[in-house]
file work.cif (mmCIF, C-alpha atoms and all ligand atoms)
data_input
#
loop_
_atom_site.label_atom_id
_atom_site.label_comp_id
_atom_site.auth_asym_id
_atom_site.auth_seq_id
_atom_site.Cartn_x
_atom_site.Cartn_y
_atom_site.Cartn_z
CA MET J 630 25.67 18.05 -2.69
CA ARG J 631 22.22 17.19 -3.76
CA ARG J 632 19.95 16.33 -0.85
CA ARG J 633 17.96 13.49 -2.27
CA LEU J 634 16.64 12.19 1.03
CA SER J 635 14.35 9.73 -0.59
CA LEU J 636 17.26 7.68 -1.80
CA LEU J 637 18.55 6.82 1.60
CA ALA J 638 18.00 3.15 2.09
CA GLY J 639 15.54 2.31 4.80
CA VAL J 640 13.06 4.75 6.12
CA ALA J 641 14.39 4.50 9.63
CA ALA J 642 17.70 5.85 8.40
CA LEU J 643 16.17 9.12 7.31
CA GLY J 644 17.49 11.83 9.51
CA LEU J 645 15.48 15.03 9.35
CA THR J 646 13.23 15.76 12.24
CA LEU J 647 10.05 17.70 12.07
CA ALA J 648 11.33 19.93 14.81
CA ALA J 649 13.76 21.25 12.23
CA CYS J 650 10.91 22.55 10.08
CA GLY J 651 10.73 26.31 10.12
CA GLY J 652 7.48 28.18 10.39
CA GLY J 653 7.54 29.35 6.77
CA GLY J 654 9.29 32.30 5.27
CA ASP J 655 8.10 35.44 3.58
CA THR J 656 6.91 34.03 0.29
CA PRO J 657 4.05 35.78 -1.55
CA SER J 658 1.76 32.85 -0.83
CA ASP J 659 2.32 33.07 2.93
CA ASN J 660 -0.45 35.61 3.29
CA ALA J 661 -2.88 33.76 1.03
CA ASN J 662 -5.78 32.75 3.22
CA PRO J 663 -7.86 29.77 2.07
CA SER J 664 -11.01 30.99 3.78
CA ASP J 665 -10.96 34.22 1.73
CA ALA J 666 -10.38 32.37 -1.52
CA THR J 667 -12.70 32.81 -4.51
CA GLY J 668 -12.54 32.00 -8.20
CA LYS J 669 -11.11 28.96 -9.96
CA VAL J 670 -8.57 26.46 -8.66
CA GLY J 671 -6.79 24.66 -11.49
CA VAL J 672 -5.51 21.25 -10.37
CA PHE J 673 -3.22 19.17 -12.57
CA THR J 674 -3.26 15.36 -12.22
CA TRP J 675 -3.26 12.26 -14.44
CA TRP J 676 -6.42 10.90 -12.87
CA ALA J 677 -8.45 11.38 -16.01
CA ASP J 678 -10.66 8.32 -16.18
CA GLY J 679 -11.98 5.13 -14.59
CA SER J 680 -11.40 4.46 -10.90
CA GLU J 681 -8.71 7.14 -10.75
CA LYS J 682 -11.14 9.85 -11.84
CA ALA J 683 -13.69 8.46 -9.38
CA GLY J 684 -11.13 9.00 -6.59
CA LEU J 685 -10.48 12.56 -7.72
CA ASP J 686 -14.22 13.22 -7.98
CA ALA J 687 -14.69 12.04 -4.38
CA LEU J 688 -12.03 14.49 -3.24
CA VAL J 689 -13.58 17.29 -5.26
CA GLY J 690 -16.92 16.49 -3.57
CA VAL J 691 -15.37 17.26 -0.17
CA PHE J 692 -13.61 20.34 -1.59
CA ASN J 693 -16.88 21.76 -2.94
CA LYS J 694 -18.48 21.30 0.47
CA ASP J 695 -15.49 22.81 2.32
CA PHE J 696 -15.11 25.77 -0.05
CA PRO J 697 -18.39 26.63 -1.79
CA ASN J 698 -16.93 29.94 -3.06
CA LEU J 699 -14.33 28.15 -5.16
CA THR J 700 -14.68 26.33 -8.48
CA PHE J 701 -12.53 23.25 -9.10
CA ASP J 702 -10.94 23.35 -12.54
CA ASN J 703 -9.93 19.84 -13.63
CA LEU J 704 -6.66 20.04 -15.61
CA ALA J 705 -6.07 16.26 -15.76
CA VAL J 706 -3.96 14.82 -18.59
CA ALA J 707 -4.70 11.13 -19.24
CA GLY J 708 -2.01 8.42 -19.05
CA GLY J 709 -1.27 6.20 -16.06
CA ALA J 710 1.75 6.96 -13.87
CA GLY J 711 1.83 10.44 -15.42
CA SER J 712 3.26 8.94 -18.60
CA GLN J 713 1.90 11.87 -20.64
CA ALA J 714 1.17 14.37 -17.88
CA LYS J 715 4.68 14.89 -16.54
CA SER J 716 6.11 16.23 -19.80
CA VAL J 717 3.06 18.46 -20.36
CA LEU J 718 3.50 19.83 -16.84
CA ALA J 719 7.24 20.37 -17.32
CA ALA J 720 6.52 22.47 -20.42
CA GLN J 721 3.91 24.54 -18.57
CA LEU J 722 6.24 25.16 -15.65
CA LYS J 723 9.07 26.10 -18.00
CA ALA J 724 6.80 28.56 -19.77
CA GLY J 725 5.93 30.18 -16.43
CA ASN J 726 2.37 28.94 -16.66
CA PRO J 727 1.86 26.78 -13.55
CA PRO J 728 -1.48 25.40 -12.39
CA ASP J 729 -2.70 26.22 -8.87
CA SER J 730 -1.61 22.78 -7.70
CA PHE J 731 -0.13 19.68 -9.32
CA GLN J 732 0.31 16.02 -8.44
CA ALA J 733 3.87 14.92 -7.67
CA HIS J 734 5.24 11.72 -6.22
CA ALA J 735 6.90 11.96 -2.83
CA GLY J 736 10.62 11.30 -3.09
CA ALA J 737 12.97 11.88 -6.00
CA GLU J 738 10.32 13.22 -8.37
CA LEU J 739 9.32 15.92 -5.88
CA GLN J 740 13.01 16.66 -5.38
CA ASP J 741 13.26 17.52 -9.10
CA TYR J 742 10.71 20.31 -8.68
CA ILE J 743 12.34 21.53 -5.48
CA ASP J 744 15.75 21.64 -7.16
CA ALA J 745 14.25 23.59 -10.06
CA ASP J 746 12.87 26.12 -7.54
CA GLN J 747 9.33 25.56 -8.78
CA LEU J 748 7.62 25.00 -5.43
CA GLU J 749 6.60 27.16 -2.51
CA ASP J 750 7.65 26.06 0.96
CA LEU J 751 4.56 24.78 2.78
CA SER J 752 6.11 24.63 6.27
CA GLY J 753 3.93 27.54 7.41
CA PHE J 754 0.84 25.80 6.03
CA TYR J 755 1.74 22.65 7.98
CA LYS J 756 2.19 24.71 11.12
CA ASP J 757 -1.05 26.69 10.68
CA ASN J 758 -3.01 23.48 10.21
CA ASP J 759 -1.15 21.42 12.79
CA LEU J 760 -0.35 18.79 10.16
CA THR J 761 3.05 17.39 11.01
CA SER J 762 1.76 15.09 13.71
CA GLN J 763 -0.99 13.75 11.45
CA PHE J 764 1.27 12.17 8.79
CA PRO J 765 3.79 9.33 9.23
CA LYS J 766 7.28 10.65 9.87
CA ASP J 767 8.82 8.54 7.07
CA LEU J 768 6.46 10.19 4.61
CA ILE J 769 7.07 13.71 5.88
CA ASP J 770 10.80 13.04 5.55
CA ARG J 771 10.31 12.28 1.87
CA LEU J 772 8.57 15.61 1.39
CA THR J 773 11.12 17.62 3.35
CA VAL J 774 14.36 19.27 2.31
CA ASP J 775 16.50 21.40 4.61
CA GLY J 776 13.70 21.46 7.15
CA LYS J 777 11.11 22.73 4.67
CA ILE J 778 8.07 20.74 3.55
CA TYR J 779 7.03 21.15 -0.07
CA SER J 780 3.82 19.21 -0.62
CA VAL J 781 0.78 17.62 0.98
CA PRO J 782 0.40 13.83 0.55
CA SER J 783 -3.00 12.55 -0.46
CA ASN J 784 -2.38 8.80 -0.14
CA ILE J 785 0.02 5.88 0.07
CA HIS J 786 0.02 3.23 -2.67
CA ARG J 787 1.79 -0.11 -2.81
CA ALA J 788 3.47 -1.17 -6.07
CA ASN J 789 4.41 -4.81 -5.31
CA VAL J 790 1.04 -6.52 -5.47
CA VAL J 791 -0.06 -9.40 -7.71
CA TRP J 792 -3.75 -9.44 -8.61
CA ALA J 793 -5.03 -12.84 -9.64
CA ASN J 794 -8.17 -14.43 -11.10
CA VAL J 795 -9.36 -17.12 -8.67
CA ASP J 796 -11.18 -19.21 -11.26
CA VAL J 797 -8.31 -19.22 -13.75
CA LEU J 798 -5.93 -20.41 -11.04
CA LYS J 799 -8.27 -23.15 -9.83
CA LYS J 800 -8.82 -24.44 -13.36
CA ALA J 801 -5.04 -24.54 -13.88
CA GLY J 802 -4.56 -26.53 -10.68
CA VAL J 803 -2.99 -23.66 -8.73
CA ASP J 804 -4.27 -23.04 -5.20
CA PRO J 805 -5.31 -19.35 -5.05
CA GLU J 806 -4.92 -19.36 -1.30
CA LYS J 807 -1.31 -20.53 -1.37
CA PRO J 808 0.61 -18.09 -3.54
CA ALA J 809 4.22 -18.87 -4.41
CA THR J 810 6.82 -17.42 -2.09
CA ASP J 811 9.60 -16.94 -4.61
CA LEU J 812 10.06 -16.39 -8.32
CA ALA J 813 10.88 -20.03 -9.11
CA GLY J 814 7.64 -21.19 -7.49
CA TRP J 815 5.68 -18.47 -9.23
CA PHE J 816 7.11 -19.38 -12.65
CA ALA J 817 6.15 -23.02 -11.97
CA ASP J 818 2.57 -21.86 -11.30
CA MET J 819 2.68 -19.81 -14.49
CA ASP J 820 3.68 -22.95 -16.41
CA LYS J 821 0.49 -24.59 -15.15
CA VAL J 822 -1.59 -21.59 -16.22
CA LYS J 823 0.06 -21.64 -19.63
CA ALA J 824 -0.76 -25.32 -20.01
CA SER J 825 -4.40 -24.52 -19.23
CA GLY J 826 -4.50 -22.21 -22.26
CA LYS J 827 -4.68 -18.86 -20.43
CA ILE J 828 -2.24 -15.96 -20.38
CA PRO J 829 -0.15 -16.39 -17.23
CA LEU J 830 0.85 -12.76 -16.71
CA ALA J 831 -0.91 -9.67 -18.05
CA VAL J 832 1.08 -6.51 -18.66
CA ALA J 833 0.58 -3.40 -20.78
CA GLY J 834 2.91 -0.82 -22.39
CA SER J 835 6.11 0.81 -21.24
CA TRP J 836 5.57 2.05 -17.68
CA THR J 837 3.74 -1.11 -16.60
CA GLN J 838 6.71 -3.14 -17.88
CA VAL J 839 9.01 -0.92 -15.82
CA GLN J 840 6.87 -1.63 -12.78
CA LEU J 841 7.11 -5.37 -13.49
CA PHE J 842 10.88 -5.02 -13.87
CA GLU J 843 10.99 -3.17 -10.53
CA ASN J 844 9.09 -6.00 -8.85
CA ILE J 845 11.42 -8.65 -10.26
CA LEU J 846 14.48 -6.64 -9.19
CA LEU J 847 13.04 -6.32 -5.69
CA SER J 848 12.22 -10.02 -5.48
CA SER J 849 15.50 -11.16 -6.91
CA LEU J 850 17.87 -8.76 -5.09
CA GLY J 851 15.97 -8.31 -1.82
CA SER J 852 15.18 -4.92 -0.31
CA ASP J 853 18.79 -3.92 0.47
CA GLY J 854 20.04 -4.98 -2.94
CA TYR J 855 17.14 -3.15 -4.58
CA ASN J 856 17.71 0.05 -2.56
CA GLY J 857 21.38 -0.14 -3.48
CA LEU J 858 20.55 0.19 -7.18
CA TRP J 859 19.51 3.79 -6.52
CA ASP J 860 22.20 4.89 -4.09
CA GLY J 861 25.17 3.20 -5.74
CA LYS J 862 25.61 0.41 -3.19
CA THR J 863 24.49 -2.33 -5.60
CA ASP J 864 26.63 -2.74 -8.70
CA TRP J 865 24.40 -2.78 -11.78
CA LYS J 866 27.10 -4.86 -13.48
CA SER J 867 27.07 -7.59 -10.81
CA ALA J 868 26.16 -11.23 -11.37
CA GLU J 869 23.13 -10.75 -9.05
CA VAL J 870 21.72 -8.12 -11.39
CA THR J 871 22.35 -10.41 -14.41
CA THR J 872 20.29 -13.09 -12.63
CA ALA J 873 17.53 -10.56 -11.90
CA ILE J 874 17.38 -9.43 -15.54
CA GLN J 875 17.25 -13.07 -16.66
CA ALA J 876 14.30 -13.55 -14.28
CA TYR J 877 12.64 -10.51 -15.85
CA GLU J 878 13.17 -12.05 -19.29
CA LYS J 879 11.50 -15.23 -18.04
CA ALA J 880 8.59 -13.24 -16.57
CA LEU J 881 8.11 -11.44 -19.90
CA SER J 882 7.92 -14.80 -21.68
CA TYR J 883 4.65 -15.46 -19.79
CA THR J 884 3.01 -12.18 -20.80
CA ASN J 885 0.45 -11.31 -23.46
CA THR J 886 2.17 -10.74 -26.79
CA ASP J 887 0.11 -7.61 -27.51
CA ARG J 888 1.48 -5.92 -24.37
CA ASP J 889 2.95 -2.91 -26.18
CA SER J 890 -0.37 -2.09 -27.77
CA LEU J 891 -2.32 -2.03 -24.49
CA SER J 892 -2.64 1.66 -23.81
CA ASP J 893 -2.47 1.64 -20.03
CA TRP J 894 -2.67 -0.41 -16.83
CA ALA J 895 -6.46 -0.83 -16.80
CA PRO J 896 -6.67 -3.02 -19.97
CA ALA J 897 -4.01 -5.35 -18.48
CA THR J 898 -5.87 -5.61 -15.16
CA GLN J 899 -9.03 -6.17 -17.21
CA LEU J 900 -7.51 -9.33 -18.71
CA VAL J 901 -7.35 -10.75 -15.18
CA GLU J 902 -10.82 -9.48 -14.34
CA ASP J 903 -12.23 -11.11 -17.49
CA GLY J 904 -10.52 -14.45 -16.85
CA ALA J 905 -8.26 -14.20 -19.91
CA ALA J 906 -5.15 -14.00 -17.73
CA ALA J 907 -4.16 -15.31 -14.31
CA TYR J 908 -1.93 -12.58 -12.89
CA ASN J 909 -1.22 -8.86 -13.15
CA VAL J 910 1.47 -7.09 -11.16
CA MET J 911 0.03 -3.68 -10.46
CA GLY J 912 -0.12 -0.98 -7.85
CA ASP J 913 -3.14 -1.08 -5.60
CA TRP J 914 -5.07 1.37 -7.75
CA ALA J 915 -6.07 -2.00 -9.31
CA GLU J 916 -8.03 -2.71 -6.11
CA ALA J 917 -10.08 0.40 -6.89
CA LYS J 918 -10.90 -0.99 -10.32
CA PHE J 919 -11.99 -4.40 -8.98
CA GLU J 920 -14.15 -2.64 -6.40
CA GLN J 921 -15.62 -0.26 -8.95
CA ASP J 922 -16.46 -3.23 -11.20
CA LYS J 923 -18.15 -4.94 -8.22
CA LYS J 924 -15.76 -7.89 -8.16
CA LYS J 925 -15.52 -9.83 -4.91
CA SER J 926 -12.18 -10.36 -3.27
CA GLY J 927 -11.53 -14.05 -2.51
CA VAL J 928 -14.22 -15.07 -5.00
CA ASP J 929 -13.50 -13.28 -8.28
CA TYR J 930 -9.99 -12.07 -7.55
CA THR J 931 -7.28 -12.41 -4.98
CA TYR J 932 -4.05 -10.58 -4.20
CA PHE J 933 -0.67 -11.17 -2.65
CA ALA J 934 2.74 -9.53 -2.40
CA THR J 935 4.82 -10.27 -5.48
CA PRO J 936 6.52 -13.62 -4.71
CA GLY J 937 9.78 -13.04 -2.90
CA THR J 938 8.71 -9.59 -1.61
CA ALA J 939 6.46 -10.44 1.33
CA GLY J 940 7.27 -8.17 4.27
CA VAL J 941 8.40 -5.39 1.94
CA PHE J 942 6.11 -2.49 1.05
CA ASP J 943 7.13 -1.00 -2.30
CA PHE J 944 5.96 2.47 -1.55
CA LEU J 945 4.76 5.50 -3.48
CA ALA J 946 2.66 8.47 -2.47
CA ASP J 947 0.90 11.11 -4.47
CA SER J 948 1.23 14.58 -3.08
CA PHE J 949 0.03 18.04 -4.05
CA THR J 950 2.03 21.22 -4.38
CA LEU J 951 1.73 24.98 -4.36
CA PRO J 952 3.78 25.99 -7.42
CA LYS J 953 5.63 29.29 -7.45
CA GLY J 954 3.57 31.76 -9.48
CA ALA J 955 0.28 29.85 -9.02
CA PRO J 956 -2.55 32.09 -10.26
CA ASN J 957 -4.72 31.59 -7.16
CA PRO J 958 -2.50 30.75 -4.15
CA ALA J 959 -5.33 31.19 -1.64
CA GLY J 960 -7.37 28.74 -3.73
CA SER J 961 -4.39 26.35 -3.87
CA LYS J 962 -4.19 26.38 -0.10
CA ALA J 963 -7.91 25.67 0.13
CA TRP J 964 -7.37 22.61 -2.11
CA LEU J 965 -4.41 21.51 0.02
CA LYS J 966 -6.52 21.96 3.13
CA THR J 967 -9.17 19.58 1.84
CA ILE J 968 -6.51 17.06 0.78
CA SER J 969 -4.81 17.16 4.16
CA SER J 970 -8.05 16.76 6.11
CA ALA J 971 -9.17 13.46 7.59
CA GLU J 972 -12.48 13.75 5.75
CA GLY J 973 -10.84 14.44 2.37
CA GLN J 974 -8.43 11.53 2.82
CA THR J 975 -11.16 9.08 3.75
CA ALA J 976 -13.35 10.06 0.80
CA PHE J 977 -10.47 9.94 -1.69
CA ASN J 978 -8.64 6.82 -0.56
CA LYS J 979 -11.72 4.69 -0.12
CA VAL J 980 -12.33 5.02 -3.84
CA LYS J 981 -8.67 5.08 -4.96
CA GLY J 982 -7.52 1.73 -3.48
CA SER J 983 -4.73 3.43 -1.53
CA ILE J 984 -4.46 4.07 2.20
CA PRO J 985 -4.77 7.48 3.81
CA ALA J 986 -1.55 9.37 4.44
CA ASN J 987 -3.30 11.25 7.25
CA THR J 988 -3.31 8.79 10.13
CA THR J 989 -6.37 10.40 11.73
CA ALA J 990 -8.59 9.54 8.72
CA LYS J 991 -11.33 6.97 9.38
CA THR J 992 -10.90 3.68 7.52
CA ASP J 993 -13.57 1.46 9.15
CA ASP J 994 -15.44 0.90 5.92
CA PHE J 995 -12.35 0.40 3.74
CA SER J 996 -11.98 -2.84 1.77
CA GLU J 997 -10.34 -5.93 3.19
CA TYR J 998 -7.35 -5.34 0.90
CA GLN J 999 -6.94 -1.76 2.10
CA LYS J 1000 -7.07 -2.86 5.73
CA SER J 1001 -4.31 -5.37 5.01
CA ALA J 1002 -2.24 -2.62 3.35
CA ILE J 1003 -2.65 -0.36 6.39
CA LYS J 1004 -1.34 -3.16 8.58
CA ASP J 1005 1.52 -4.02 6.20
CA PHE J 1006 2.60 -0.38 5.90
CA SER J 1007 2.89 -0.18 9.67
CA GLN J 1008 5.14 -3.23 9.97
CA ASP J 1009 6.86 -3.91 6.62
CA LYS J 1010 10.20 -2.70 5.32
CA ILE J 1011 9.51 0.31 3.11
CA VAL J 1012 11.28 0.70 -0.23
CA SER J 1013 10.76 3.37 -2.89
CA SER J 1014 9.02 2.62 -6.17
CA LEU J 1015 11.04 3.07 -9.35
CA ALA J 1016 8.16 3.43 -11.83
CA HIS J 1017 6.31 5.93 -9.64
CA GLY J 1018 8.80 8.66 -8.93
CA ALA J 1019 9.89 7.67 -5.45
CA ALA J 1020 13.31 6.11 -6.12
CA VAL J 1021 14.91 8.14 -8.91
CA PRO J 1022 14.51 11.51 -10.64
CA VAL J 1023 12.29 11.71 -13.71
CA ALA J 1024 15.24 11.90 -16.15
CA TRP J 1025 16.75 8.67 -14.76
CA LEU J 1026 13.39 6.93 -14.92
CA ASN J 1027 12.85 8.10 -18.51
CA ASP J 1028 16.21 6.73 -19.69
CA LEU J 1029 15.76 3.44 -17.86
CA SER J 1030 12.22 3.10 -19.24
CA THR J 1031 13.59 3.42 -22.78
CA ALA J 1032 16.11 0.65 -22.05
CA VAL J 1033 13.45 -1.61 -20.47
CA SER J 1034 11.11 -1.09 -23.43
CA LYS J 1035 13.89 -1.96 -25.86
CA PHE J 1036 14.55 -5.14 -23.89
CA GLY J 1037 10.93 -6.15 -24.47
CA GLY J 1038 11.84 -6.41 -28.16
CA ASP J 1039 15.44 -7.66 -28.29
CA LYS J 1040 15.63 -9.60 -24.95
CA ASN J 1041 19.32 -8.76 -24.85
CA VAL J 1042 20.25 -9.18 -21.18
CA ASP J 1043 23.74 -7.84 -21.60
CA SER J 1044 22.56 -4.75 -23.41
CA LEU J 1045 19.92 -3.90 -20.76
CA GLN J 1046 22.43 -4.44 -17.97
CA THR J 1047 25.09 -2.30 -19.66
CA SER J 1048 22.59 0.49 -20.39
CA ALA J 1049 21.14 0.43 -16.87
CA ALA J 1050 24.66 0.63 -15.40
CA ALA J 1051 25.56 3.56 -17.67
CA ILE J 1052 22.31 5.36 -16.77
CA ALA J 1053 22.94 4.86 -13.06
CA ALA J 1054 26.49 6.19 -13.46
CA LYS J 1055 25.15 9.23 -15.28
CA PHE J 1056 22.55 10.16 -12.65
CA ALA J 1057 23.81 8.81 -9.33
CA LYS J 1058 25.15 11.62 -7.21
C1 LIG P 1 0.78 6.35 -10.08
C2 LIG P 1 -0.03 7.23 -9.17
C3 LIG P 1 -1.24 6.51 -8.75
C4 LIG P 1 -1.99 5.96 -9.95
C5 LIG P 1 -1.07 5.25 -10.92
C6 LIG P 1 -1.69 4.82 -12.22
O1 LIG P 1 1.93 6.99 -10.51
O2 LIG P 1 0.75 7.56 -8.06
O3 LIG P 1 -2.06 7.38 -7.99
O4 LIG P 1 -2.66 7.00 -10.54
O5 LIG P 1 0.02 6.05 -11.22
O6 LIG P 1 -2.03 5.89 -13.01
#

call {"tool": "encode", "arguments": {"input": "work.cif", "output": "structure tokens"}}
result
Amino acid sequence: MRRRLSLLAGVAALGLTLAACGGGGDTPSDNANPSDATGKVGVFTWWADGSEKAGLDALVGVFNKDFPNLTFDNLAVAGGAGSQAKSVLAAQLKAGNPPDSFQAHAGAELQDYIDADQLEDLSGFYKDNDLTSQFPKDLIDRLTVDGKIYSVPSNIHRANVVWANVDVLKKAGVDPEKPATDLAGWFADMDKVKASGKIPLAVAGSWTQVQLFENILLSSLGSDGYNGLWDGKTDWKSAEVTTAIQAYEKALSYTNTDRDSLSDWAPATQLVEDGAAAYNVMGDWAEAKFEQDKKKSGVDYTYFATPGTAGVFDFLADSFTLPKGAPNPAGSKAWLKTISSAEGQTAFNKVKGSIPANTTAKTDDFSEYQKSAIKDFSQDKIVSSLAHGAAVPVAWLNDLSTAVSKFGGDKNVDSLQTSAAAIAAKFAK
């Protein structure tokens, strides 16, 4: 039976304990020592531009200081959410040409690589660096299979956040400090924005629409109903799901008509930043963009949990791997060492909009939003993001993304529901 731990509903339900983690086996990389490492370290991500590249650059700054004998080789492939990168990476791995380390989402996406036997076990690395106690247990559980840990998390992002333009809301007669608490109230606010002549809801191409769909499912079905979509407990053919898809159709009716031609998340967030649109549902990498563009929270923009999802943290985490057959395993471990360190996590996350995965990292000078996310993560219900590799394997996400994109054109509720049910039946184990 496949051990897709990430799909278990509710983090508290996850059963593996760190005590079960072995001290590493006899893999070729076990003897690779980061302090002896020289040469190039090729790191594959999709953080190719804007605030995402700025985050990577901050991490590389710490890496260069930690390991002056190593040269960072940036193998980034552009396209938010790994929309281009993941297939490029899959081809490289298939051809036996892995990078020294690659970005993978904690949860089901990481499980894909583990199942394909493409990753080295990093349990020994965790032990050598005394890491297990420095990361939240729920996160370690999502990186662990059969007591082995396969990657090092760099951050924790939240996917259920609405970013809003304060001025646009005020001019439409919507109080920016009193966001709606459910979808009906939010749609009523969007009607006011529409009447004021602005775009109510900004969205971009395929994966950002999937993330919007995910948010509406979460709001409409609640956290248990949403979790059940991925572990078979919620029937995709149920009346509740029909209602959720109808709500998604309504949400789409408020969006910019050129959505499919916007290349990535940043142009959609930009519409809010520029005052052309009121709202954008986006992961908190958007916070990094507002900060980078010197926008002031509470004045230029504001944020709140997607209406109907307060108290739920729609979670995703980027993590980094040591692929089997990596050209420079000692260099990979050096990179992983910097990522795991408190200093590396502070430098990276401050610029990336996310919160550190390493709980010993300093966050005193983080933004007000980030401080609120740290608090929410510690007390909210955690669910796994669909669009960002936490909830389902890549193949499931790809098929569902095709169905969601098609819905953007035909708005056929029945067809999306039937396809989503068939996809779930195909992949659910
Ligand atoms: C996510 C990733 C984030 C951010 C976002 C947009 O999948 O985890 O770190 O990069 O995509 O590209």

call {"tool": "closest_residue", "arguments": {"input": "work.cif", "among": "J:Lys821, J:Lys1000, J:Lys1040, J:Lys827", "to": "Ala876 in chain J", "atoms": "only C-alpha atoms"}}
result
J:Lys1040

call {"tool": "residues_near_ligand", "arguments": {"input": "work.cif", "ligand": "ligand LIG 1 (chain P)", "cutoff": "9 Å", "atoms": "only C-alpha atoms and all ligand atoms", "output": "MDAnalysis selection string"}}
result
chainID J and resid 674:677 681 707:712 732:734 784:786 788 893:895 911:915 945:948 981 983 1016:1018

call {"tool": "closest_residue", "arguments": {"input": "work.cif", "among": "J:Ile1052, J:Ala831, J:Val822, J:Ala737", "to": "Leu900 in chain J", "atoms": "all atoms listed in the file"}}
result
J:Ala831

call {"tool": "residues_around", "arguments": {"input": "work.cif", "residues": "Ala1049 in chain J", "least_positions_apart": "5", "cutoff": "8 Å", "atoms": "only C-alpha atoms", "output": "CSV table (one decimal) with C-alpha atoms, in the coordinates of the input"}}
result
chain,number,residue,atom,x,y,z
J,865,TRP,CA,24.4,-2.8,-11.8
J,1029,LEU,CA,15.8,3.4,-17.9
J,1032,ALA,CA,16.1,0.6,-22.0

call {"tool": "residues_around", "arguments": {"input": "work.cif", "residues": "Gln875 in chain J", "least_positions_apart": "3", "cutoff": "12 Å", "atoms": "only C-alpha atoms", "output": "VMD selection string"}}
result
chain J and resid 812 842 845 to 846 849 868 to 872 878 to 882 1036 1040 to 1046

call {"tool": "closest_atom_pairs", "arguments": {"input": "work.cif", "of": "range 896-986 of chain J", "to": "range 796-808 of chain J", "cutoff": "12 Å", "atoms": "only C-alpha atoms", "output": "Markdown table"}}
result
| residue | atom | partner | partner_atom | distance |
| --- | --- | --- | --- | --- |
| J:Leu900 | CA | J:Val797 | CA | 11.1 |
| J:Val901 | CA | J:Val797 | CA | 8.6 |
| J:Glu902 | CA | J:Val797 | CA | 10.1 |
| J:Asp903 | CA | J:Val797 | CA | 9.8 |
| J:Gly904 | CA | J:Val797 | CA | 6.1 |
| J:Ala905 | CA | J:Val797 | CA | 7.9 |
| J:Ala906 | CA | J:Val797 | CA | 7.3 |
| J:Ala907 | CA | J:Val797 | CA | 5.7 |
| J:Tyr908 | CA | J:Leu798 | CA | 9.0 |
| J:Ser926 | CA | J:Pro805 | CA | 11.5 |
| J:Gly927 | CA | J:Pro805 | CA | 8.6 |
| J:Val928 | CA | J:Asp796 | CA | 8.1 |
| J:Asp929 | CA | J:Asp796 | CA | 7.0 |
| J:Tyr930 | CA | J:Asp796 | CA | 8.1 |
| J:Thr931 | CA | J:Pro805 | CA | 7.2 |
| J:Tyr932 | CA | J:Pro808 | CA | 8.9 |
| J:Phe933 | CA | J:Pro808 | CA | 7.1 |
| J:Ala934 | CA | J:Pro808 | CA | 8.9 |
| J:Thr935 | CA | J:Pro808 | CA | 9.1 |
| J:Pro936 | CA | J:Pro808 | CA | 7.5 |
| J:Gly937 | CA | J:Pro808 | CA | 10.5 |
| J:Thr938 | CA | J:Pro808 | CA | 11.9 |
| J:Ala939 | CA | J:Pro808 | CA | 10.8 |

call {"tool": "atom_distance", "arguments": {"input": "work.cif", "atom1": "CA of Asp770 in chain J", "atom2": "CA of Ser1001 in chain J"}}
result
23.8 Å

call {"tool": "closest_atom_pairs", "arguments": {"input": "work.cif", "of": "range 988-1022 of chain J", "to": "range 962-972 of chain J", "cutoff": "8 Å", "atoms": "all atoms listed in the file", "output": "Markdown table"}}
result
| residue | atom | partner | partner_atom | distance |
| --- | --- | --- | --- | --- |
| J:Thr988 | CA | J:Ala971 | CA | 7.9 |
| J:Thr989 | CA | J:Ala971 | CA | 5.9 |
| J:Ala990 | CA | J:Ala971 | CA | 4.1 |
| J:Lys991 | CA | J:Ala971 | CA | 7.1 |

call {"tool": "atom_distance", "arguments": {"input": "work.cif", "atom1": "CA of Val689 in chain J", "atom2": "CA of Gly668 in chain J"}}
result
15.0 Å

call {"tool": "atom_distance", "arguments": {"input": "work.cif", "atom1": "CA of Phe1056 in chain J", "atom2": "CA of Asp741 in chain J"}}
result
12.4 Å

call {"tool": "closest_residue", "arguments": {"input": "work.cif", "among": "J:Arg771, J:Lys1058, J:Lys924, J:Arg787", "to": "Glu738 in chain J", "atoms": "only C-alpha atoms"}}
result
J:Arg771

call {"tool": "residues_near_point", "arguments": {"input": "work.cif", "point": "(10.4, 23.5, -10.3)", "cutoff": "10 Å", "atoms": "only C-alpha atoms", "output": "JSON, numbers by chain"}}
result
{"J": [719, 722, 723, 727, 739, 740, 741, 742, 743, 744, 745, 746, 747, 748, 749, 952, 953]}

call {"tool": "closest_residue", "arguments": {"input": "work.cif", "among": "J:Asn909, J:Thr975, J:Asn957, J:Thr884", "to": "Val790 in chain J", "atoms": "all atoms listed in the file"}}
result
J:Asn909

call {"tool": "closest_residue", "arguments": {"input": "work.cif", "among": "J:Lys694, J:Val672, J:Leu951, J:Gln840", "to": "Asn789 in chain J", "atoms": "all atoms listed in the file"}}
result
J:Gln840

call {"tool": "closest_residue", "arguments": {"input": "work.cif", "among": "J:Asp889, J:Asp686, J:Asp659, J:Glu843", "to": "Trp859 in chain J", "atoms": "only C-alpha atoms"}}
result
J:Glu843

call {"tool": "residues_near_point", "arguments": {"input": "work.cif", "point": "(1.1, 8.3, 9.6)", "cutoff": "10 Å", "atoms": "all atoms listed in the file", "output": "list in words"}}
result
Thr761, Ser762, Gln763, Phe764, Pro765, Lys766, Asp767, Leu768, Ile769, Ile785, Pro985, Ala986, Asn987, Thr988, Thr989, Ala990, Ile1003, Phe1006 and Ser1007 of chain J
